[in-house]
>>> print(open('model27.cif').read())   # mmCIF, C-alpha atoms
data_entry
loop_
_atom_site.label_atom_id
_atom_site.label_comp_id
_atom_site.auth_asym_id
_atom_site.auth_seq_id
_atom_site.Cartn_x
_atom_site.Cartn_y
_atom_site.Cartn_z
CA MET O 28 -200.02 49.80 29.33
CA ALA O 29 -201.84 46.72 28.25
CA LEU O 30 -202.84 48.22 24.89
CA TYR O 31 -200.16 49.70 22.69
CA LYS O 32 -199.80 51.13 19.19
CA GLU O 33 -197.10 50.07 16.78
CA GLN O 34 -196.34 49.99 13.12
CA GLY O 35 -194.88 46.84 11.71
CA ILE O 36 -194.24 44.52 8.79
CA VAL O 37 -195.95 41.13 8.70
CA LEU O 38 -193.12 38.59 8.47
CA ARG O 39 -195.02 35.36 8.57
CA THR O 40 -198.23 33.76 9.71
CA MET O 41 -198.94 30.39 11.23
CA ARG O 42 -202.25 28.65 11.62
CA LEU O 43 -203.53 28.34 15.14
CA GLY O 44 -206.53 26.25 16.12
CA GLU O 45 -209.73 26.47 14.13
CA ALA O 46 -209.70 29.93 12.61
CA ASP O 47 -206.86 31.91 14.23
CA ARG O 48 -203.34 32.72 13.18
CA ILE O 49 -200.17 33.60 15.00
CA VAL O 50 -198.67 36.57 13.17
CA THR O 51 -194.97 37.38 13.47
CA LEU O 52 -194.38 41.10 13.07
CA LEU O 53 -191.27 43.21 12.79
CA THR O 54 -192.25 46.42 14.55
CA GLN O 55 -190.55 49.74 14.61
CA GLY O 56 -190.50 50.25 18.36
CA SER O 57 -190.86 46.80 19.91
CA GLY O 58 -188.68 44.58 17.74
CA LYS O 59 -190.14 41.24 16.83
CA VAL O 60 -193.64 40.67 18.17
CA ARG O 61 -195.69 37.52 17.94
CA ALA O 62 -199.40 38.12 18.20
CA VAL O 63 -202.61 36.16 17.85
CA ALA O 64 -205.12 37.34 15.26
CA LYS O 65 -208.39 35.79 16.28
CA GLY O 66 -210.78 34.56 13.63
CA VAL O 67 -208.57 35.88 10.82
CA ARG O 68 -209.11 32.82 8.63
CA LYS O 69 -212.88 33.26 8.55
CA THR O 70 -214.13 34.98 5.42
CA LYS O 71 -215.97 37.60 7.42
CA SER O 72 -213.04 38.44 9.68
CA ARG O 73 -212.67 42.17 10.26
CA PHE O 74 -208.91 41.76 9.76
CA GLY O 75 -209.49 40.49 6.21
CA GLY O 76 -206.37 40.61 4.09
CA ARG O 77 -204.60 43.09 6.33
CA LEU O 78 -202.34 40.59 8.05
CA GLU O 79 -200.75 38.96 5.02
CA PRO O 80 -196.95 38.77 4.74
CA PHE O 81 -195.16 41.85 3.25
CA THR O 82 -197.90 44.20 4.46
CA HIS O 83 -196.81 47.34 6.31
CA VAL O 84 -199.46 47.95 8.95
CA ASP O 85 -200.54 50.19 11.78
CA LEU O 86 -201.51 48.05 14.74
CA LEU O 87 -203.23 48.21 18.06
CA LEU O 88 -201.99 45.34 20.18
CA TYR O 89 -202.90 43.97 23.56
CA ARG O 90 -199.84 42.91 25.48
CA GLY O 91 -199.93 39.31 26.62
CA ARG O 92 -197.40 37.27 28.51
CA GLU O 93 -195.99 35.34 25.59
CA LEU O 94 -198.23 36.22 22.69
CA ASP O 95 -199.90 39.57 22.19
CA ILE O 96 -203.35 39.92 20.71
CA VAL O 97 -204.08 41.97 17.60
CA THR O 98 -207.07 44.21 18.27
CA GLN O 99 -206.97 46.59 15.27
CA VAL O 100 -205.05 46.73 11.99
CA GLU O 101 -204.89 49.27 9.21
CA ILE O 102 -202.81 48.89 6.08
CA ILE O 103 -200.14 51.52 5.44
CA THR O 104 -198.83 49.81 2.29
CA SER O 105 -199.78 46.38 1.03
CA HIS O 106 -196.72 46.06 -1.28
CA ARG O 107 -199.10 44.49 -3.69
CA ALA O 108 -196.63 44.26 -6.58
CA ILE O 109 -194.59 41.75 -4.55
CA ARG O 110 -197.58 39.41 -4.39
CA GLU O 111 -198.19 39.62 -8.10
CA ASP O 112 -194.81 38.63 -9.46
CA TYR O 113 -193.12 35.34 -8.68
CA ALA O 114 -189.50 36.58 -8.67
CA ARG O 115 -190.37 39.53 -6.42
CA PHE O 116 -192.31 37.22 -4.12
CA ALA O 117 -189.42 34.76 -3.76
CA ALA O 118 -186.91 37.58 -3.15
CA GLY O 119 -189.34 39.11 -0.66
CA GLU O 120 -189.46 35.82 1.22
CA VAL O 121 -185.66 35.99 1.55
CA VAL O 122 -186.04 39.44 3.12
CA LEU O 123 -188.73 38.25 5.56
CA GLU O 124 -186.86 35.09 6.51
CA ALA O 125 -183.58 36.89 7.20
CA ALA O 126 -185.29 39.72 9.11
CA ASP O 127 -187.06 37.10 11.23
CA ARG O 128 -183.73 35.47 12.04
CA VAL O 129 -181.99 38.65 13.08
CA ALA O 130 -184.79 40.45 14.96
CA GLN O 131 -185.01 39.89 18.69
CA GLU O 132 -188.36 39.68 20.43
CA ARG O 133 -189.36 42.95 22.06
CA GLU O 134 -186.01 44.54 21.30
CA ARG O 135 -186.34 47.84 19.51
CA SER O 136 -184.35 48.23 16.31
CA VAL O 137 -185.47 51.07 14.12
CA ARG O 138 -182.57 50.51 11.72
CA LEU O 139 -183.53 46.89 11.10
CA PHE O 140 -187.13 47.92 10.57
CA MET O 141 -186.17 50.65 8.10
CA LEU O 142 -183.81 48.33 6.25
CA ALA O 143 -186.50 45.67 5.81
CA LEU O 144 -189.10 48.26 4.81
CA GLY O 145 -186.66 49.75 2.30
CA ALA O 146 -186.09 46.32 0.76
CA LEU O 147 -189.82 45.68 0.40
CA ARG O 148 -190.32 49.13 -1.12
CA ALA O 149 -187.53 48.47 -3.62
CA LEU O 150 -189.09 45.12 -4.52
CA ALA O 151 -192.58 46.52 -4.89
CA GLY O 152 -191.72 49.82 -6.48
CA GLY O 153 -188.98 49.79 -9.05
CA ASP O 154 -188.05 47.56 -11.90
CA GLY O 155 -184.83 46.45 -10.21
CA ASP O 156 -183.76 42.82 -10.33
CA PRO O 157 -185.36 41.16 -7.27
CA ALA O 158 -182.41 38.81 -6.73
CA VAL O 159 -179.97 41.75 -6.57
CA ILE O 160 -182.23 43.64 -4.16
CA ALA O 161 -182.34 40.58 -1.89
CA ASP O 162 -178.53 40.30 -2.03
CA GLY O 163 -178.17 43.94 -1.07
CA PHE O 164 -180.57 43.52 1.82
CA LEU O 165 -178.72 40.47 3.13
CA LEU O 166 -175.31 42.11 3.03
CA ARG O 167 -176.60 45.27 4.70
CA LEU O 168 -178.35 43.15 7.30
CA ALA O 169 -175.08 41.33 8.03
CA SER O 170 -173.39 44.73 8.41
CA LEU O 171 -176.11 45.91 10.77
CA ALA O 172 -175.59 42.78 12.88
CA GLY O 173 -171.87 43.57 13.08
CA PHE O 174 -170.53 41.45 10.24
CA ARG O 175 -169.76 44.06 7.60
CA PRO O 176 -167.35 42.37 5.20
CA SER O 177 -164.03 44.08 4.59
CA LEU O 178 -163.84 44.75 0.85
CA SER O 179 -160.52 46.55 0.47
CA ALA O 180 -158.15 46.12 3.42
CA CYS O 181 -157.30 42.64 4.71
CA ALA O 182 -159.94 41.54 7.20
CA ALA O 183 -157.32 40.02 9.50
CA CYS O 184 -154.32 42.38 9.54
CA GLY O 185 -155.70 45.52 7.93
CA ARG O 186 -153.06 45.66 5.18
CA PRO O 187 -154.49 47.88 2.41
CA GLY O 188 -155.83 46.05 -0.65
CA PRO O 189 -156.72 45.12 -3.23
CA HIS O 190 -156.54 41.45 -2.27
CA ALA O 191 -157.58 38.55 -4.44
CA ARG O 192 -159.04 36.16 -1.91
CA PHE O 193 -162.26 36.30 0.07
CA SER O 194 -162.64 34.45 3.33
CA ILE O 195 -166.12 34.00 4.71
CA SER O 196 -165.01 33.02 8.20
CA GLN O 197 -162.40 35.80 8.44
CA GLY O 198 -164.93 38.40 7.33
CA GLY O 199 -163.92 39.62 3.89
CA LEU O 200 -160.88 39.99 1.66
CA VAL O 201 -157.63 38.65 3.12
CA CYS O 202 -154.00 39.10 2.14
CA GLU O 203 -151.75 36.22 1.15
CA LYS O 204 -150.16 36.12 4.62
CA CYS O 205 -153.36 35.96 6.60
CA ARG O 206 -155.43 33.68 4.39
CA THR O 207 -156.60 30.38 5.83
CA GLY O 208 -157.77 27.28 4.00
CA GLY O 209 -161.29 28.53 3.39
CA ALA O 210 -160.27 31.65 1.45
CA VAL O 211 -161.34 31.55 -2.20
CA ARG O 212 -159.94 33.51 -5.13
CA VAL O 213 -162.72 35.75 -6.43
CA GLY O 214 -163.38 36.92 -9.98
CA GLU O 215 -162.76 40.45 -11.19
CA GLY O 216 -166.30 41.76 -10.97
CA THR O 217 -167.19 40.16 -7.65
CA VAL O 218 -165.77 42.70 -5.22
CA PRO O 219 -167.27 45.69 -7.09
CA TYR O 220 -170.60 43.85 -7.03
CA LEU O 221 -170.43 43.39 -3.26
CA ALA O 222 -169.21 46.95 -2.71
CA GLY O 223 -172.09 48.24 -4.83
CA LEU O 224 -174.59 46.45 -2.60
CA LEU O 225 -173.17 48.21 0.47
CA GLN O 226 -173.09 51.71 -1.01
CA GLU O 227 -175.18 54.34 0.76
CA GLY O 228 -178.60 55.04 -0.70
CA PRO O 229 -181.46 52.89 -1.91
CA LEU O 230 -180.85 49.24 -2.64
CA PRO O 231 -179.42 48.78 -6.11
CA GLY O 232 -181.34 46.55 -8.45
CA ALA O 233 -179.31 46.66 -11.64
CA PRO O 234 -177.79 43.41 -12.78
CA ARG O 235 -174.05 43.68 -13.18
CA GLU O 236 -170.88 41.82 -13.69
CA GLY O 237 -169.74 39.60 -10.87
CA ARG O 238 -173.27 38.91 -9.81
CA ARG O 239 -173.14 35.15 -10.16
CA GLU O 240 -170.24 34.63 -7.85
CA GLY O 241 -171.14 37.61 -5.68
CA SER O 242 -174.64 36.31 -5.05
CA GLY O 243 -173.35 32.90 -3.94
CA LEU O 244 -170.83 34.58 -1.64
CA VAL O 245 -173.54 36.73 -0.05
CA ARG O 246 -175.56 33.64 0.74
CA ALA O 247 -172.62 31.69 2.17
CA TYR O 248 -171.45 34.73 4.13
CA VAL O 249 -174.85 35.40 5.69
CA GLU O 250 -175.52 31.74 6.46
CA TYR O 251 -172.11 31.40 8.12
CA HIS O 252 -172.42 34.47 10.30
CA PHE O 253 -176.08 33.97 11.22
CA ASP O 254 -175.32 30.31 11.82
CA ARG O 255 -178.50 29.18 10.03
CA PRO O 256 -179.36 28.16 6.48
CA LEU O 257 -181.47 30.58 4.44
CA ARG O 258 -184.22 28.41 3.04
CA ALA O 259 -185.85 30.90 0.70
CA TRP O 260 -182.64 31.89 -1.11
CA ALA O 261 -182.49 28.91 -3.46
CA HIS O 262 -186.03 29.60 -4.70
CA VAL O 263 -185.29 33.04 -6.12
CA PRO O 264 -185.16 32.90 -9.94
CA ARG O 265 -181.72 34.07 -11.12
CA MET U 23 -201.58 11.15 36.40
CA PHE U 24 -203.56 8.01 35.80
CA GLU U 25 -202.23 4.53 35.39
CA GLY U 26 -201.89 1.99 32.64
CA PRO U 27 -204.34 1.97 29.71
CA VAL U 28 -206.17 5.12 30.82
CA GLN U 29 -202.98 7.14 30.78
CA ASP U 30 -201.95 5.58 27.44
CA LEU U 31 -205.27 6.61 25.93
CA ILE U 32 -204.93 10.15 27.24
CA GLU U 33 -201.41 10.38 25.84
CA ALA U 34 -202.55 9.09 22.44
CA LEU U 35 -205.43 11.58 22.25
CA ARG U 36 -203.19 14.43 23.30
CA ARG U 37 -201.14 13.99 20.15
CA LEU U 38 -204.11 14.99 18.01
CA PRO U 39 -204.16 18.58 16.73
CA GLY U 40 -205.98 21.03 18.94
CA ILE U 41 -206.26 18.61 21.85
CA GLY U 42 -204.60 19.56 25.13
CA GLN U 43 -204.30 17.72 28.42
CA LYS U 44 -207.78 18.63 29.66
CA SER U 45 -209.60 17.80 26.42
CA ALA U 46 -207.70 14.51 26.17
CA GLN U 47 -208.87 13.55 29.67
CA ARG U 48 -212.43 14.50 28.88
CA LEU U 49 -212.42 12.44 25.67
CA ALA U 50 -210.77 9.47 27.37
CA PHE U 51 -213.35 9.35 30.14
CA HIS U 52 -216.16 9.80 27.66
CA LEU U 53 -214.91 6.75 25.79
CA LEU U 54 -214.53 4.77 29.01
CA LYS U 55 -218.13 5.48 29.94
CA ALA U 56 -219.49 4.83 26.45
CA PRO U 57 -220.71 1.36 25.44
CA ALA U 58 -218.03 -1.01 24.19
CA ASP U 59 -219.59 -1.01 20.68
CA GLU U 60 -219.08 2.69 20.28
CA ALA U 61 -215.42 2.47 21.25
CA ARG U 62 -214.88 -0.47 18.92
CA ALA U 63 -216.60 1.33 16.04
CA LEU U 64 -214.29 4.32 16.52
CA ALA U 65 -211.18 2.15 16.70
CA GLU U 66 -212.23 0.22 13.61
CA SER U 67 -213.02 3.30 11.56
CA ILE U 68 -209.61 4.76 12.37
CA LEU U 69 -207.92 1.53 11.29
CA ALA U 70 -210.07 1.18 8.19
CA ALA U 71 -209.31 4.74 7.15
CA LYS U 72 -205.59 4.20 7.64
CA GLU U 73 -205.56 0.93 5.73
CA ARG U 74 -207.97 1.57 2.89
CA VAL U 75 -207.53 5.20 2.03
CA ALA U 76 -205.01 5.83 -0.68
CA ILE U 77 -204.08 8.77 -2.86
CA CYS U 78 -205.81 9.06 -6.23
CA ARG U 79 -203.17 8.56 -8.88
CA GLU U 80 -204.85 11.03 -11.18
CA CYS U 81 -205.61 14.03 -8.99
CA PHE U 82 -203.98 13.17 -5.61
CA ASN U 83 -207.20 13.52 -3.66
CA VAL U 84 -207.77 10.94 -0.92
CA ALA U 85 -209.40 7.89 -2.48
CA GLU U 86 -210.60 4.43 -1.77
CA GLY U 87 -208.79 2.51 -4.46
CA GLU U 88 -206.67 3.81 -7.32
CA ARG U 89 -208.86 6.72 -8.33
CA CYS U 90 -211.05 9.04 -6.33
CA ARG U 91 -214.82 9.32 -6.86
CA TYR U 92 -214.49 12.55 -8.83
CA CYS U 93 -212.02 11.06 -11.30
CA LEU U 94 -214.24 7.97 -11.71
CA ASP U 95 -217.43 9.96 -12.24
CA ALA U 96 -218.04 9.90 -16.01
CA ARG U 97 -220.58 12.72 -15.82
CA ARG U 98 -217.89 15.17 -14.80
CA ASP U 99 -216.16 17.22 -17.48
CA PRO U 100 -212.64 15.79 -17.88
CA ALA U 101 -211.39 18.89 -19.73
CA LEU U 102 -212.07 21.22 -16.80
CA VAL U 103 -209.88 20.92 -13.75
CA CYS U 104 -209.89 22.83 -10.47
CA VAL U 105 -206.50 23.09 -8.75
CA VAL U 106 -206.62 23.19 -4.94
CA GLU U 107 -204.04 23.10 -2.15
CA GLU U 108 -205.49 20.34 0.04
CA PRO U 109 -208.14 17.61 -0.22
CA ALA U 110 -210.31 19.51 2.29
CA ASP U 111 -210.59 22.34 -0.27
CA ILE U 112 -212.38 19.94 -2.63
CA ILE U 113 -215.17 19.59 -0.08
CA ALA U 114 -215.52 23.37 0.03
CA VAL U 115 -215.78 23.61 -3.76
CA GLU U 116 -218.19 20.66 -3.89
CA ARG U 117 -220.49 22.33 -1.38
CA THR U 118 -221.12 25.13 -3.87
CA GLN U 119 -222.67 22.61 -6.32
CA GLU U 120 -221.42 24.95 -9.06
CA PHE U 121 -218.53 22.90 -10.32
CA ARG U 122 -218.84 19.86 -12.57
CA GLY U 123 -215.23 19.28 -13.53
CA ARG U 124 -212.38 17.37 -11.95
CA TYR U 125 -209.68 18.26 -9.46
CA HIS U 126 -205.97 18.40 -8.91
CA VAL U 127 -204.58 18.51 -5.37
CA LEU U 128 -201.18 20.23 -5.10
CA GLY U 129 -200.50 19.17 -1.53
CA GLY U 130 -199.78 22.69 -0.24
CA HIS U 131 -198.50 25.99 -1.60
CA ILE U 132 -195.14 27.44 -2.57
CA SER U 133 -193.50 28.89 0.51
CA PRO U 134 -189.78 29.58 0.09
CA ILE U 135 -189.50 30.73 3.71
CA ASP U 136 -190.46 27.20 4.80
CA GLY U 137 -188.24 25.67 2.13
CA VAL U 138 -191.22 24.57 0.01
CA GLY U 139 -190.61 25.16 -3.68
CA PRO U 140 -192.50 24.16 -6.84
CA ASP U 141 -190.75 20.78 -6.92
CA ASP U 142 -192.20 19.84 -3.54
CA LEU U 143 -195.76 20.12 -4.85
CA ARG U 144 -197.62 18.05 -7.44
CA ILE U 145 -196.98 20.59 -10.17
CA ARG U 146 -195.11 18.27 -12.51
CA GLU U 147 -198.10 15.92 -12.50
CA LEU U 148 -200.45 18.78 -13.35
CA LEU U 149 -198.14 19.81 -16.15
CA ALA U 150 -198.25 16.25 -17.48
CA ARG U 151 -202.06 16.32 -17.49
CA VAL U 152 -202.02 19.54 -19.49
CA GLU U 153 -199.34 18.25 -21.85
CA ARG U 154 -201.37 15.13 -22.57
CA GLY U 155 -203.94 17.56 -23.93
CA GLU U 156 -206.63 16.37 -21.53
CA LEU U 157 -207.38 19.78 -20.11
CA LYS U 158 -208.98 22.79 -21.76
CA GLU U 159 -209.27 24.99 -18.72
CA VAL U 160 -207.39 25.02 -15.43
CA ILE U 161 -209.13 26.89 -12.62
CA VAL U 162 -206.60 27.82 -9.96
CA ALA U 163 -208.37 27.74 -6.59
CA THR U 164 -205.43 28.06 -4.22
CA ASN U 165 -206.09 30.18 -1.12
CA PRO U 166 -206.13 33.97 -1.64
CA THR U 167 -203.14 34.31 0.70
CA VAL U 168 -199.75 35.63 -0.36
CA GLU U 169 -198.42 32.08 -0.79
CA GLY U 170 -201.56 30.87 -2.56
CA GLU U 171 -201.37 33.82 -4.98
CA ALA U 172 -197.70 33.20 -5.67
CA THR U 173 -198.48 29.56 -6.41
CA ALA U 174 -201.26 30.65 -8.77
CA ILE U 175 -198.94 33.02 -10.63
CA TYR U 176 -196.27 30.34 -10.88
CA LEU U 177 -198.81 27.91 -12.36
CA ALA U 178 -200.10 30.47 -14.84
CA ASN U 179 -196.56 31.23 -16.07
CA LEU U 180 -195.98 27.52 -16.54
CA LEU U 181 -199.27 26.43 -18.09
CA LYS U 182 -200.19 29.32 -20.37
CA PRO U 183 -197.39 28.65 -22.89
CA LEU U 184 -198.84 25.15 -23.29
CA GLY U 185 -202.03 26.60 -24.66
CA ALA U 186 -204.29 25.82 -21.72
CA ARG U 187 -206.76 28.40 -20.53
CA VAL U 188 -205.75 29.30 -16.97
CA THR U 189 -208.26 31.11 -14.77
CA ARG U 190 -208.17 32.24 -11.16
CA ILE U 191 -211.14 32.18 -8.78
CA ALA U 192 -212.44 35.69 -8.13
CA SER U 193 -211.88 37.40 -4.83
CA GLY U 194 -213.87 40.15 -3.23
CA ILE U 195 -216.35 40.98 -0.52
CA PRO U 196 -217.98 37.95 1.10
CA VAL U 197 -221.73 37.61 0.67
CA GLY U 198 -223.36 39.18 3.71
CA GLY U 199 -220.25 41.27 4.39
CA ASP U 200 -219.95 44.99 4.79
CA LEU U 201 -217.98 47.35 2.50
CA GLU U 202 -217.09 49.58 5.42
CA TYR U 203 -215.05 46.81 6.99
CA ALA U 204 -213.41 45.52 3.83
CA ASP U 205 -209.64 45.91 3.68
CA GLU U 206 -208.21 47.81 0.72
CA VAL U 207 -206.55 44.79 -0.88
CA THR U 208 -209.80 42.81 -0.96
CA LEU U 209 -211.94 45.76 -2.03
CA GLY U 210 -209.37 46.71 -4.68
CA ARG U 211 -209.55 43.21 -6.10
CA ALA U 212 -213.33 43.28 -6.00
CA LEU U 213 -213.36 46.51 -8.05
CA GLU U 214 -210.81 45.14 -10.47
CA GLY U 215 -212.83 41.98 -11.00
CA ARG U 216 -216.20 43.75 -11.32
CA ARG U 217 -218.63 42.60 -13.95
CA GLU U 218 -221.54 43.92 -15.87
CA ILE U 219 -225.02 43.17 -14.55
#
>>> encode(input="model27.cif", output="structure tokens")
Amino acid sequence: MALYKEQGIVLRTMRLGEADRIVTLLTQGSGKVRAVAKGVRKTKSRFGGRLEPFTHVDLLLYRGRELDIVTQVEIITSHRAIREDYARFAAGEVVLEAADRVAQERERSVRLFMLALGALRALAGGDGDPAVIADGFLLRLASLAGFRPSLSACAACGRPGPHARFSISQGGLVCEKCRTGGAVRVGEGTVPYLAGLLQEGPLPGAPREGRREGSGLVRAYVEYHFDRPLRAWAHVPR
Amino acid sequence: MFEGPVQDLIEALRRLPGIGQKSAQRLAFHLLKAPADEARALAESILAAKERVAICRECFNVAEGERCRYCLDARRDPALVCVVEEPADIIAVERTQEFRGRYHVLGGHISPIDGVGPDDLRIRELLARVERGELKEVIVATNPTVEGEATAIYLANLLKPLGARVTRIASGIPVGGDLEYADEVTLGRALEGRREI
């Protein structure tokens, strides 16, 4: 099957040669796919604006050895509102960057795809705070990758909470016995903020107490466990 | 593998964008066969460009000297400025022969995912030009990509409170194009930006 159909989200694009681009896609059935879109930078390209970041697309791809080739694209949703507001755009970039980090090439992950799509929908659709939506996405992404923070029981010994200190390296709240040097005492609203981000249902976008500290913890937590800095995070207006 | 200077030349050419091993070889042998004058002229123009070309201190276009030719040209309207991402974009705007103002080169676009924020571009300098009251209208001609649009919106949010008129180049169906093949984002914009005839 040299030609295959997929739906995906455009994560990022990179210039290639004179008029082409390499497009990185997060697909539903094939994980991360890198594909060449030929001639896409020419004004008369038949791809037009269909392969811009944030766009949810239906694709027909030709399987190559390293890079695939995009043969047809149709837009499912352009998530236009994300492009038209700076805060939503910056938060959206956080979503794309983190999804790009976690996704594995040609490894199917429907849950990752749905999580990323949900985050883009929340950013484009509602009037939720973009920075909070990005936080929620990051924490859920960490959970999906196996790093769900423990927010009541001690992350090390399991002793029931509440505990006052949060340890990034130990994976959540820790009791006084288990805490190591890196554990920090967190403010009153912080744990409810984090717990709210992980609650079932659509990503919350309401600003709330504990957000300042909570947001910083989310970033440090995700960067530690993914072992990479998140470059877009600092550019989100808060 | 070749030896000595030939191999050095191939290696040097290979570092250029879009040039692979085969093209580098082809170019190297072309230069070897060409008259000595031609090779010297090429070498000299590369050196001259590297040594003499500076950045215009007004608009950050490439320039020979302190200011570029557009900033020195007194016939151009100093109150109208066109903001572009790269110097090459100036050439594209100039080719239209429709624009008689001056320029401002940002040096890229905002791209948080690549760690490029507003402070990494020449936005502060543009702000200073507007604050000095030199500019009446700022035409934002960044690329109609997601990053280019975001940069445009950021600039508009920043400059409008200062009282400058901020406009965005129109986007729509290219001349000679076909509606049937237009994507919905482009066609949507074209409808939104329609005008009376």
>>> interface_residues(input="model27.cif", of="chain O", to="chain U", cutoff="8 Å", atoms="all atoms listed in the file", output="PyMOL selection string")
chain O and resi 44+70-71+73-77+79-80+102+105+107+110-113+116-117+120-121+123-124+258-260+262
>>> residues_around(input="model27.cif", residues="Ala85 (chain U)", least_positions_apart="4", cutoff="9 Å", atoms="all atoms listed in the file", output="JSON, numbers by chain")
{"U": [74, 75, 76, 77, 78, 79, 89, 90, 91]}
>>> residues_around(input="model27.cif", residues="Glu156 (chain U)", least_positions_apart="3", cutoff="8 Å", atoms="all atoms listed in the file", output="PyMOL selection string")
chain U and resi 100-101+151-153
>>> residues_around(input="model27.cif", residues="region 177-183 of chain O", least_positions_apart="3", cutoff="10 Å", atoms="all atoms listed in the file", output="list in words")
Phe174, Arg186, Pro187, Gly188, Pro189, His190, Ala191, Arg192, Phe193, Ser194, Ser196, Gln197, Gly198, Gly199, Leu200, Val201, Cys202, Glu203, Lys204, Cys205, Arg206, Val218, Pro219, Leu221, Ala222 and Leu225 of chain O
>>> atom_distance(input="model27.cif", atom1="CA of Arg90 (chain O)", atom2="CA of Leu30 (chain O)")
6.1 Å
>>> resolve_selection(input="model27.cif", expression="the PyMOL selection byres ((chain O and resi 162) around 9)", output="PyMOL selection string")
chain O and resi 118+157-161+163-167+221+224+241-242+245-246
>>> residues_around(input="model27.cif", residues="region 115-124 of chain U", least_positions_apart="5", cutoff="10 Å", atoms="only C-alpha atoms", output="PyMOL selection string")
chain U and resi 80-81+91-95+97-106+110+157+159-161+163
>>> atom_distance(input="model27.cif", atom1="CA of Ser136 (chain O)", atom2="CA of Lys65 (chain O)")
27.1 Å
>>> closest_residue(input="model27.cif", among="O:Gln55, O:Ile49, O:Leu142, O:Ile109", to="Leu94 (chain O)", atoms="all atoms listed in the file")
O:Ile49
>>> resolve_selection(input="model27.cif", expression="the PyMOL selection byres ((chain O and resi 52) around 12)", output="PyMOL selection string")
chain O and resi 33-41+49-51+53-64+78-86+88+94-97+123-124+126-127+130-133+140+143
>>> closest_residue(input="model27.cif", among="O:Gly208, O:Gly145, O:Pro264, O:Gly216", to="Leu230 (chain O)", atoms="only C-alpha atoms")
O:Gly145
>>> atom_distance(input="model27.cif", atom1="CA of Phe253 (chain O)", atom2="CA of Gly228 (chain O)")
24.3 Å
>>> residues_around(input="model27.cif", residues="Leu35 (chain U)", least_positions_apart="4", cutoff="10 Å", atoms="only C-alpha atoms", output="PyMOL selection string")
chain U and resi 29-31+39+41-43+45-47+49-50
